[in-house]
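Okay, target.tsv is below, TSV, C-alpha atoms:
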```tsv
chain	number	residue	atom	x	y	z
A	42	MET	CA	25.72	100.04	75.18
A	43	LEU	CA	26.30	96.39	76.07
A	44	VAL	CA	23.37	94.43	77.47
A	45	GLY	CA	23.36	90.88	78.84
A	46	VAL	CA	20.46	88.94	80.33
A	47	ASP	CA	20.95	86.12	82.84
A	48	PHE	CA	18.22	83.49	82.45
A	49	GLY	CA	19.58	81.20	85.16
A	50	ALA	CA	21.77	78.12	85.25
A	51	GLU	CA	20.15	76.54	82.18
A	52	ARG	CA	21.93	78.94	79.80
A	53	SER	CA	25.57	80.03	79.68
A	54	PHE	CA	26.09	83.64	80.68
A	55	ASP	CA	29.07	85.98	81.04
A	56	PRO	CA	28.21	88.42	83.86
A	57	THR	CA	31.20	90.64	83.03
A	58	LEU	CA	30.22	91.02	79.34
A	59	ASP	CA	33.97	91.11	78.63
A	60	GLU	CA	33.66	88.83	75.61
A	61	LEU	CA	30.84	90.95	74.15
A	62	ALA	CA	33.06	94.01	74.68
A	63	GLN	CA	35.89	92.29	72.78
A	64	LEU	CA	33.49	91.45	69.96
A	65	ALA	CA	32.30	95.06	69.86
A	66	GLU	CA	35.87	96.36	69.72
A	67	SER	CA	36.72	93.84	66.99
A	68	ALA	CA	33.82	95.28	64.98
A	69	GLY	CA	35.13	98.84	65.46
A	70	ASP	CA	32.74	99.92	68.23
A	71	GLN	CA	33.61	101.51	71.56
A	72	PRO	CA	31.64	100.22	74.57
A	73	VAL	CA	30.52	103.08	76.83
A	74	ALA	CA	28.38	101.27	79.42
A	75	ARG	CA	27.21	97.78	80.44
A	76	VAL	CA	23.84	96.62	81.72
A	77	VAL	CA	23.07	93.19	83.20
A	78	ALA	CA	19.48	92.05	83.72
A	79	ARG	CA	18.00	88.90	85.25
A	80	ARG	CA	14.85	87.24	84.04
A	81	LYS	CA	13.25	83.80	84.15
A	82	ALA	CA	12.40	84.03	80.43
A	83	PRO	CA	12.75	86.59	77.61
A	84	ASP	CA	10.01	89.17	77.29
A	85	ALA	CA	8.12	88.48	74.04
A	86	ALA	CA	8.06	92.13	73.00
A	87	LEU	CA	11.17	93.81	74.40
A	88	PHE	CA	13.31	90.83	75.50
A	89	VAL	CA	14.29	92.61	78.75
A	90	GLY	CA	10.86	93.92	79.74
A	91	SER	CA	9.54	97.46	79.64
A	92	GLY	CA	11.10	98.58	82.94
A	93	LYS	CA	14.62	97.51	82.03
A	94	ALA	CA	14.12	98.90	78.50
A	95	ASP	CA	13.34	102.31	80.04
A	96	GLU	CA	16.50	102.05	82.16
A	97	ILE	CA	18.58	101.23	79.08
A	98	LYS	CA	17.01	104.15	77.19
A	99	ALA	CA	18.00	106.57	79.97
A	100	LEU	CA	21.59	105.27	79.88
A	101	VAL	CA	21.66	105.59	76.09
A	102	VAL	CA	20.77	109.25	76.42
A	103	GLU	CA	23.21	109.78	79.31
A	104	HIS	CA	26.17	108.22	77.49
A	105	ARG	CA	25.11	109.41	74.02
A	106	ALA	CA	25.36	105.86	72.76
A	107	SER	CA	24.75	105.30	69.05
A	108	GLY	CA	23.61	101.69	69.42
A	109	VAL	CA	22.83	98.83	71.80
A	110	LEU	CA	24.40	95.37	71.55
A	111	PHE	CA	22.73	92.35	73.17
A	112	ASP	CA	24.75	89.32	74.25
A	113	GLN	CA	21.88	86.99	73.32
A	114	ALA	CA	20.04	86.38	70.05
A	115	LEU	CA	17.00	88.59	69.45
A	116	SER	CA	13.97	87.72	67.38
A	117	PRO	CA	13.14	90.07	64.47
A	118	ALA	CA	10.12	91.44	66.39
A	119	GLN	CA	12.14	92.05	69.56
A	120	GLN	CA	14.83	93.85	67.58
A	121	ARG	CA	12.26	96.04	65.82
A	122	ASN	CA	10.44	96.88	69.07
A	123	LEU	CA	13.68	97.69	70.90
A	124	GLU	CA	14.84	100.04	68.13
A	125	ARG	CA	11.52	101.88	68.26
A	126	HIS	CA	11.63	102.08	72.07
A	127	LEU	CA	15.30	103.06	72.44
A	128	GLY	CA	15.58	105.28	69.37
A	129	VAL	CA	18.96	103.82	68.33
A	130	GLN	CA	20.17	100.84	66.33
A	131	VAL	CA	19.98	97.48	68.08
A	132	ALA	CA	22.01	94.37	67.19
A	133	ASP	CA	22.48	90.99	68.81
A	134	ARG	CA	25.50	88.74	69.25
A	135	THR	CA	24.83	86.88	65.99
A	136	ALA	CA	24.77	90.07	63.90
A	137	LEU	CA	27.98	91.26	65.59
A	138	ILE	CA	29.83	88.02	64.82
A	139	LEU	CA	28.62	88.11	61.22
A	140	GLU	CA	29.89	91.67	60.83
A	141	ILE	CA	33.32	90.69	62.16
A	142	PHE	CA	33.44	87.69	59.84
A	143	ALA	CA	32.51	89.87	56.87
A	144	ARG	CA	35.41	92.23	57.62
A	145	ARG	CA	37.99	89.51	58.25
A	146	ALA	CA	37.27	87.08	55.41
A	147	LYS	CA	40.07	87.28	52.84
A	148	SER	CA	39.87	84.18	50.66
A	149	HIS	CA	37.24	83.55	48.00
A	150	GLU	CA	35.87	80.63	50.02
A	151	GLY	CA	35.75	82.64	53.24
A	152	LYS	CA	33.84	85.48	51.58
A	153	LEU	CA	31.32	83.03	50.14
A	154	GLN	CA	30.82	81.38	53.53
A	155	VAL	CA	30.22	84.71	55.25
A	156	GLU	CA	27.85	85.87	52.51
A	157	LEU	CA	25.81	82.68	52.86
A	158	ALA	CA	25.52	83.09	56.64
A	159	ARG	CA	24.52	86.76	56.32
A	160	LEU	CA	21.90	86.02	53.66
A	161	GLN	CA	20.37	83.32	55.85
A	162	TYR	CA	20.33	85.73	58.80
A	163	VAL	CA	18.81	88.63	56.83
A	164	ALA	CA	16.14	86.38	55.31
A	165	THR	CA	14.51	86.02	58.75
A	166	ARG	CA	14.40	89.79	59.30
A	167	LEU	CA	12.73	91.10	56.17
A	168	VAL	CA	9.52	92.02	57.96
A	169	ARG	CA	11.41	94.54	60.11
A	170	ARG	CA	12.91	96.22	57.05
A	171	TRP	CA	9.59	96.80	55.33
A	172	SER	CA	7.44	98.02	58.22
A	173	HIS	CA	7.21	101.41	56.45
A	174	LEU	CA	4.97	99.77	53.83
A	175	GLU	CA	2.30	98.69	56.31
A	176	ARG	CA	-0.33	100.96	54.71
A	177	GLN	CA	0.25	99.67	51.19
A	178	ARG	CA	-3.06	98.78	49.49
A	179	GLY	CA	-3.63	95.53	47.70
A	180	GLY	CA	-5.74	94.82	44.62
A	181	ALA	CA	-9.48	95.58	44.36
A	182	GLY	CA	-9.18	98.38	46.91
A	183	LEU	CA	-8.36	96.06	49.80
A	184	ARG	CA	-5.75	96.95	52.37
A	185	GLY	CA	-2.74	94.66	52.04
A	186	GLY	CA	-0.38	93.33	54.66
A	187	PRO	CA	2.91	94.94	55.76
A	188	GLY	CA	4.62	95.41	52.43
A	189	GLU	CA	3.67	91.99	51.17
A	190	ALA	CA	4.73	92.50	47.54
A	191	GLN	CA	8.14	93.93	48.38
A	192	ILE	CA	8.82	91.33	51.09
A	193	GLU	CA	7.99	88.46	48.76
A	194	LEU	CA	10.17	89.97	46.05
A	195	ASP	CA	13.12	90.34	48.42
A	196	ARG	CA	12.59	86.88	49.87
A	197	ARG	CA	12.66	85.39	46.39
A	198	MET	CA	15.80	87.35	45.44
A	199	ILE	CA	17.57	86.30	48.64
A	200	GLY	CA	16.52	82.68	48.11
A	201	GLU	CA	17.98	82.70	44.60
A	202	ARG	CA	21.19	84.28	45.86
A	203	ILE	CA	21.49	81.65	48.60
A	204	LYS	CA	21.17	78.87	45.99
A	205	SER	CA	23.86	80.54	43.86
A	206	VAL	CA	26.28	80.94	46.78
A	207	LYS	CA	25.72	77.35	47.90
A	208	ALA	CA	26.49	76.11	44.38
A	209	ARG	CA	29.72	78.12	44.26
A	210	LEU	CA	30.70	76.89	47.73
A	211	ALA	CA	30.09	73.29	46.64
A	212	LYS	CA	32.46	73.83	43.72
A	213	VAL	CA	35.15	75.23	46.03
A	214	GLN	CA	34.59	72.35	48.45
A	215	ARG	CA	35.13	69.80	45.66
A	216	HIS	CA	38.47	71.50	44.93
A	217	HIS	CA	39.45	71.28	48.60
A	218	ASP	CA	38.33	67.65	48.75
A	219	THR	CA	40.74	66.91	45.90
A	220	GLN	CA	43.57	68.60	47.81
A	221	ARG	CA	42.74	66.67	51.00
A	222	LYS	CA	42.66	63.35	49.13
A	223	ALA	CA	46.08	64.13	47.64
A	224	ARG	CA	47.46	64.81	51.14
A	225	ALA	CA	45.87	61.58	52.39
A	226	LYS	CA	47.49	59.56	49.56
A	227	SER	CA	50.88	60.98	50.49
A	228	GLY	CA	50.58	59.18	53.82
A	229	ALA	CA	51.43	62.31	55.83
A	230	LEU	CA	49.79	62.66	59.23
A	231	ARG	CA	47.05	65.31	59.11
A	232	VAL	CA	47.01	67.57	62.17
A	233	SER	CA	44.49	70.41	62.76
A	234	LEU	CA	44.64	73.23	65.28
A	235	VAL	CA	41.28	73.85	66.93
A	236	GLY	CA	40.29	75.99	69.89
A	237	TYR	CA	38.45	78.98	71.23
A	238	THR	CA	38.97	82.25	69.40
A	239	ASN	CA	42.00	84.22	70.61
A	240	ALA	CA	43.56	81.17	72.29
A	241	GLY	CA	46.70	81.73	70.23
A	242	LYS	CA	46.22	79.12	67.48
A	243	SER	CA	47.71	81.24	64.68
A	244	THR	CA	50.66	82.30	66.84
A	245	LEU	CA	51.32	78.66	67.69
A	246	PHE	CA	50.93	77.72	64.01
A	247	ASN	CA	53.53	80.33	63.03
A	248	ALA	CA	55.90	79.13	65.76
A	249	LEU	CA	55.66	75.49	64.68
A	250	VAL	CA	55.97	75.87	60.89
A	251	LYS	CA	57.75	79.25	60.64
A	252	ALA	CA	54.81	80.70	58.67
A	253	ARG	CA	53.53	84.27	58.53
A	254	VAL	CA	49.82	83.73	59.09
A	255	HIS	CA	48.14	86.85	60.46
A	256	ALA	CA	47.96	86.69	64.27
A	257	ALA	CA	46.60	89.38	66.57
A	258	ASP	CA	45.24	89.77	70.10
A	259	GLN	CA	41.63	89.99	68.93
A	260	LEU	CA	38.66	87.73	68.35
A	261	PHE	CA	38.50	85.95	64.98
A	262	ALA	CA	41.79	87.37	63.71
A	263	THR	CA	41.99	84.40	61.34
A	264	LEU	CA	39.06	82.96	59.37
A	265	ASP	CA	40.68	81.17	56.45
A	266	THR	CA	42.19	77.71	56.80
A	267	THR	CA	45.93	77.52	56.10
A	268	THR	CA	47.88	74.25	55.71
A	269	ARG	CA	51.66	73.96	55.91
A	270	ALA	CA	54.18	71.12	56.26
A	271	LEU	CA	55.62	70.61	59.75
A	272	TYR	CA	58.94	68.73	59.56
A	273	LEU	CA	59.69	66.51	62.56
A	274	GLU	CA	63.43	65.95	62.92
A	275	GLY	CA	63.09	62.99	65.25
A	276	VAL	CA	60.89	61.17	62.74
A	277	GLY	CA	62.54	62.31	59.53
A	278	GLN	CA	59.20	63.14	57.93
A	279	ALA	CA	56.70	65.98	57.67
A	280	VAL	CA	53.07	66.20	58.78
A	281	ALA	CA	50.36	68.45	57.33
A	282	LEU	CA	49.40	71.10	59.93
A	283	SER	CA	46.21	73.17	59.40
A	284	ASP	CA	45.11	76.32	61.21
A	285	THR	CA	41.31	76.62	61.39
A	286	VAL	CA	38.76	79.27	62.39
A	287	GLY	CA	38.29	79.74	66.13
A	288	PHE	CA	35.13	78.83	68.04
A	289	ILE	CA	33.17	80.99	70.44
A	290	ARG	CA	30.31	80.65	72.91
A	291	ASP	CA	26.89	80.65	71.24
A	292	LEU	CA	28.43	80.46	67.77
A	293	PRO	CA	25.41	80.86	65.45
A	294	HIS	CA	24.31	77.53	64.00
A	295	LYS	CA	24.00	79.05	60.51
A	296	LEU	CA	27.62	80.17	60.78
A	297	VAL	CA	28.72	76.65	61.68
A	298	GLU	CA	26.75	75.40	58.66
A	299	ALA	CA	28.30	78.00	56.35
A	300	PHE	CA	31.83	77.19	57.55
A	301	ARG	CA	31.32	73.42	57.42
A	302	ALA	CA	33.65	73.19	54.41
A	303	THR	CA	36.39	74.98	56.37
A	304	LEU	CA	35.74	72.95	59.52
A	305	GLN	CA	36.00	69.77	57.48
A	306	GLU	CA	39.77	70.11	57.84
A	307	ALA	CA	39.21	69.28	61.51
A	308	THR	CA	36.77	66.41	60.90
A	309	GLU	CA	39.18	64.66	58.50
A	310	ALA	CA	42.31	65.16	60.60
A	311	ASP	CA	44.23	62.27	62.17
A	312	LEU	CA	45.05	64.37	65.23
A	313	LEU	CA	43.62	67.53	66.80
A	314	LEU	CA	45.71	70.05	68.72
A	315	HIS	CA	43.09	71.59	71.02
A	316	VAL	CA	44.62	74.97	71.91
A	317	ILE	CA	43.43	76.46	75.22
A	318	ASP	CA	44.29	79.84	76.72
A	319	ALA	CA	45.87	78.73	80.02
A	320	SER	CA	45.79	82.29	81.38
A	321	SER	CA	42.04	82.76	80.86
A	322	PRO	CA	39.80	82.51	83.94
A	323	HIS	CA	37.14	81.03	81.62
A	324	ARG	CA	39.36	78.32	80.13
A	325	GLN	CA	37.10	75.48	81.34
A	326	ALA	CA	33.95	76.98	79.79
A	327	GLN	CA	35.87	77.75	76.59
A	328	ARG	CA	37.17	74.19	76.39
A	329	ASP	CA	33.65	72.82	76.90
A	330	GLU	CA	32.32	75.04	74.10
A	331	VAL	CA	34.99	73.80	71.67
A	332	GLU	CA	34.12	70.21	72.58
A	333	ARG	CA	30.45	70.98	71.93
A	334	VAL	CA	31.16	72.37	68.44
A	335	LEU	CA	33.47	69.45	67.66
A	336	ALA	CA	30.61	67.10	68.54
A	337	GLU	CA	28.29	69.13	66.28
A	338	ILE	CA	30.60	68.66	63.28
A	339	GLY	CA	31.34	65.01	64.09
A	340	ALA	CA	34.95	65.37	65.30
A	341	GLN	CA	34.46	64.55	68.98
A	342	ASP	CA	36.08	61.11	68.81
A	343	LEU	CA	39.32	62.16	67.09
A	344	PRO	CA	42.55	61.87	69.12
A	345	GLN	CA	43.45	65.12	70.87
A	346	ILE	CA	46.46	66.75	72.44
A	347	LEU	CA	45.35	69.51	74.78
A	348	VAL	CA	47.76	72.41	74.31
A	349	TYR	CA	47.56	74.90	77.18
A	350	ASN	CA	49.01	77.98	75.50
A	351	LYS	CA	50.11	81.39	76.85
A	352	LEU	CA	52.25	79.84	79.58
A	353	ASP	CA	54.23	83.10	79.65
A	354	ALA	CA	51.11	84.89	80.96
A	355	LEU	CA	50.29	82.26	83.63
A	356	GLN	CA	51.21	82.88	87.27
A	357	PRO	CA	52.26	80.86	89.17
A	358	GLN	CA	53.90	78.55	86.67
A	359	PRO	CA	52.92	74.84	86.57
A	360	ARG	CA	55.36	72.36	88.10
A	361	ALA	CA	55.19	70.01	85.09
A	362	LEU	CA	54.81	70.89	81.42
A	363	HIS	CA	53.28	67.53	80.50
A	364	ASP	CA	50.63	65.33	82.16
A	365	TRP	CA	47.47	63.38	81.34
A	366	ILE	CA	43.88	64.41	81.95
A	367	GLU	CA	40.47	62.91	81.33
A	368	ARG	CA	38.34	64.19	78.45
A	369	GLY	CA	35.25	62.39	79.69
A	370	SER	CA	33.91	58.83	79.84
A	371	GLY	CA	37.32	57.60	80.96
A	372	VAL	CA	39.13	58.77	77.80
A	373	LEU	CA	42.62	60.07	78.59
A	374	ALA	CA	44.38	62.79	76.64
A	375	PRO	CA	47.90	64.24	76.99
A	376	ARG	CA	48.19	67.83	78.09
A	377	VAL	CA	51.20	70.02	77.40
A	378	PHE	CA	51.82	73.59	78.58
A	379	VAL	CA	53.48	75.82	75.97
A	380	SER	CA	54.20	79.42	75.14
A	381	ALA	CA	53.96	80.18	71.43
A	382	ILE	CA	55.64	83.52	72.18
A	383	ASP	CA	58.88	82.37	73.81
A	384	GLY	CA	58.89	78.75	72.60
A	385	THR	CA	58.62	77.05	76.01
A	386	GLY	CA	57.19	73.53	75.72
A	387	LEU	CA	57.20	73.43	71.90
A	388	ASP	CA	59.80	70.64	71.83
A	389	GLY	CA	57.56	68.53	74.03
A	390	LEU	CA	54.60	69.21	71.74
A	391	ARG	CA	56.63	68.21	68.66
A	392	ALA	CA	57.67	65.00	70.46
A	393	LEU	CA	54.02	64.12	71.10
A	394	ILE	CA	53.11	64.77	67.46
A	395	ALA	CA	56.09	62.65	66.39
A	396	SER	CA	54.94	59.75	68.58
A	397	VAL	CA	51.58	59.78	66.81
A	398	ALA	CA	53.31	59.89	63.41
A	399	LEU	CA	55.25	56.78	64.44
A	400	GLY	CA	52.06	54.98	65.39
A	401	GLN	CA	52.67	55.08	69.14
A	402	PRO	CA	49.74	55.57	71.57
A	403	LEU	CA	49.20	59.08	72.86
A	404	VAL	CA	48.57	57.97	76.46
A	405	PRO	CA	50.12	55.28	78.63
A	406	ALA	CA	48.42	51.92	78.97
A	407	MET	CA	47.97	52.61	82.68
A	408	PRO	CA	47.47	56.01	84.34
A	409	PRO	CA	50.63	57.41	85.96
A	410	ALA	CA	51.06	56.30	89.58
A	411	GLU	CA	51.87	59.83	90.71
A	412	PRO	CA	49.87	62.51	88.88
A	413	ALA	CA	51.74	65.55	87.75
A	414	THR	CA	51.03	68.60	89.90
A	415	THR	CA	50.63	72.07	88.57
A	416	SER	CA	49.96	75.50	89.97
A	417	ALA	CA	47.06	76.18	92.27
A	418	SER	CA	45.45	78.41	89.67
A	419	ILE	CA	45.33	75.54	87.16
A	420	ALA	CA	44.35	72.99	89.81
A	421	GLY	CA	41.24	75.00	90.55
A	422	GLN	CA	39.71	74.18	87.18
A	423	SER	CA	41.82	71.31	85.85
A	424	THR	CA	42.12	67.61	86.47
A	425	LEU	CA	45.65	66.83	87.55
A	426	CYS	CA	45.13	63.12	88.06
A	427	ALA	CA	44.17	60.81	85.22
A	428	ARG	CA	41.90	58.87	87.61
A	429	SER	CA	39.86	61.93	88.54
A	430	PRO	CA	36.23	61.94	87.30
A	431	HIS	CA	36.36	65.66	86.54
A	432	ILE	CA	37.21	67.23	83.19
A	433	ALA	CA	40.14	69.62	83.04
```
Re-express the file's structure as structure tokens.
Amino acid sequence: MLVGVDFGAERSFDPTLDELAQLAESAGDQPVARVVARRKAPDAALFVGSGKADEIKALVVEHRASGVLFDQALSPAQQRNLERHLGVQVADRTALILEIFARRAKSHEGKLQVELARLQYVATRLVRRWSHLERQRGGAGLRGGPGEAQIELDRRMIGERIKSVKARLAKVQRHHDTQRKARAKSGALRVSLVGYTNAGKSTLFNALVKARVHAADQLFATLDTTTRALYLEGVGQAVALSDTVGFIRDLPHKLVEAFRATLQEATEADLLLHVIDASSPHRQAQRDEVERVLAEIGAQDLPQILVYNKLDALQPQPRALHDWIERGSGVLAPRVFVSAIDGTGLDGLRALIASVALGQPLVPAMPPAEPATTSASIAGQSTLCARSPHIA
């Protein structure tokens, strides 16, 4: 069962729950029904309120669901109360993302990062795990709290494990810092691919450098950072191109913290290729979310080329494959439409990267007199004129 709660305009919300369904499928689950509720604020006990919880319970029985997934983060108490009320396992968006990350991590660093995020998540939910010890008696015949001794023991063990994992991650990060410094000394331009998960970053990476990085039509298909040399014929030199982990709406803060070493590839880049799924109806919200995470890791001011990927799936086609748009506060950025599948627009993207490698400005000194026009579908959510105050 998929459950989403709309708390109004103050919080982002996907009324279709399509992204939650994709996350569930990526974790190996099969969505059988969807429920959308509307509230002004979360219910302290059951998150959705007792009436909606009863409705969800009836649907669980009707569809024989084995669990309920919430699109928002649940507190430990809300999760415990919902499991007791519904009679099935309950998980929130954070737990689902962590499970996917745990399955997809391949490198030693990636596994350490996922373990750290999971330990930090579990540490806040120990009280739910030990509710069966609520009648444990303390010393001198006094009734103790809910499994106090066992909780404290587990908390201490988890705390020690977190320290150990952080120390090992720091060692790995020092190794990566040495590699980055060596690349910086070589004078090669450092370029990082960033973007929303499933925007086609790994497919674009493979198309540009002829690599064989795993790429699939699923969320978080790639977690580990890969760096390859991209040779630019027009310049006669190579640049270092890195593929990074994808972002997603409401990405857990602890996960961003755990993957800070991986995301550092983006913060230390000379140029960001911000890959956007041009065919997605939510491309504007996805772009905004990537910008938010970039600001969180301190990479918001780096030069960007906005790469609108999946041109082959966009109908109608844009009239121009290259124009300029505003990123905000009057900052212009070049936009190029490409298809990593059939190669359309890749030459134009290479030319833009080459211009940066040669020290040329990414955008013209003055906005173009006649803005490039694109399809009506793109115009609905994109800025087609560099003078426009809106963000594409």
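For segment 290-293 of chain A, the set of protein, DNA and RNA residues having any atom at most 10 Å away, when counting all atoms listed in the file and skipping those fewer than 6 positions along the same chain, is A:Ser53, A:Phe54, A:Asp55, A:Glu60, A:Asp112, A:Gln113, A:Ala114, A:Arg134, A:Thr135, A:Ala136, A:Ile138, A:Leu139, A:Ala158, A:Tyr162, A:Tyr237, A:Thr238, A:Ala299, A:Ala326, A:Gln327, A:Asp329, A:Glu330, A:Val331, A:Arg333, A:Val334.
Residues in contact with segment 96-107 of chain A at 12 Å, where all atoms listed in the file are counted and same-chain residues fewer than 4 positions away are skipped, are listed as Met42, Leu43, Val44, Gly45, Asp70, Gln71, Pro72, Val73, Ala74, Arg75, Val76, Val77, Ala78, Leu87, Val89, Gly90, Ser91, Gly92, Phe111, Leu123, Glu124, Arg125, His126, Leu127, Gly128, Val129, Gln130, Val131 and Ala132 of chain A.
Computed from the coordinates, the atom CA of Ala354 of chain A to atom CA of Lys242 of chain A distance equals 15.5 Å.
If you look at atom CA of Ala279 of chain A and atom CA of Leu399 of chain A, they are 11.5 Å away from each other.
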Atom CA of Lys81 of chain A and atom CA of Ala118 of chain A, how far apart in Å? 19.6 Å
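Of the residues under consideration (A:Arg159, A:Arg79, A:His216, A:Lys152), A:Arg159 shows the shortest atom-to-atom contact distance to Glu140 of chain A when counting only C-alpha atoms.
The residue that comes closest to Ser243 of chain A, out of A:Ala164, A:Leu390, A:Val372, A:Leu282 and on the basis of all atoms listed in the file, is A:Leu282.
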Judged by only C-alpha atoms, the minimum distance to Ala86 of chain A among A:Leu58, A:Ala68, A:Lys204, A:Ser116 is found for A:Ser116
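Ranking A:Met198, A:Ala361, A:Ile394, A:Ala310 by their shortest atom-to-atom distance to Leu271 of chain A, with all atoms listed in the file included, puts A:Ile394 first.
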Report as a JSON list (two decimals) with C-alpha atoms, in the coordinates of the input all protein, DNA and RNA residues lying within 10 Å of Ser205 of chain A, evaluated on only C-alpha atoms, omitting residues in the same chain fewer than 6 positions from it.
```json
[["chain", "number", "residue", "atom", "x", "y", "z"],
["A", 157, "LEU", "CA", 25.81, 82.68, 52.86],
["A", 199, "ILE", "CA", 17.57, 86.30, 48.64],
["A", 211, "ALA", "CA", 30.09, 73.29, 46.64]]
```
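Nearest to Gln356 of chain A of all the residues A:Val377, A:Ser396, A:Ser320, A:Gly275 is A:Ser320, based on all atoms listed in the file.
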Show me, as a ChimeraX atom specification, the residues that have an atom within 10 Å of Gly339 of chain A when counting all atoms listed in the file, minus same-chain residues fewer than 6 positions from it. /A:305,307-309,333
Keeping only C-alpha atoms, write those residues as an mmCIF file, in the frame of the given file.
```cif
data_model
loop_
_atom_site.group_PDB
_atom_site.id
_atom_site.type_symbol
_atom_site.label_atom_id
_atom_site.label_comp_id
_atom_site.auth_asym_id
_atom_site.auth_seq_id
_atom_site.Cartn_x
_atom_site.Cartn_y
_atom_site.Cartn_z
ATOM 1 C CA GLN A 305 36.000 69.770 57.480
ATOM 2 C CA ALA A 307 39.210 69.280 61.510
ATOM 3 C CA THR A 308 36.770 66.410 60.900
ATOM 4 C CA GLU A 309 39.180 64.660 58.500
ATOM 5 C CA ARG A 333 30.450 70.980 71.930
#
```
Select, counting all atoms listed in the file, all protein, DNA and RNA residues no farther than 12 Å from (25.5, 78.9, 49.6) in file coordinates, and express the selection as a PyMOL selection string. chain A and resi 150-161+199-214+295-296+298-302
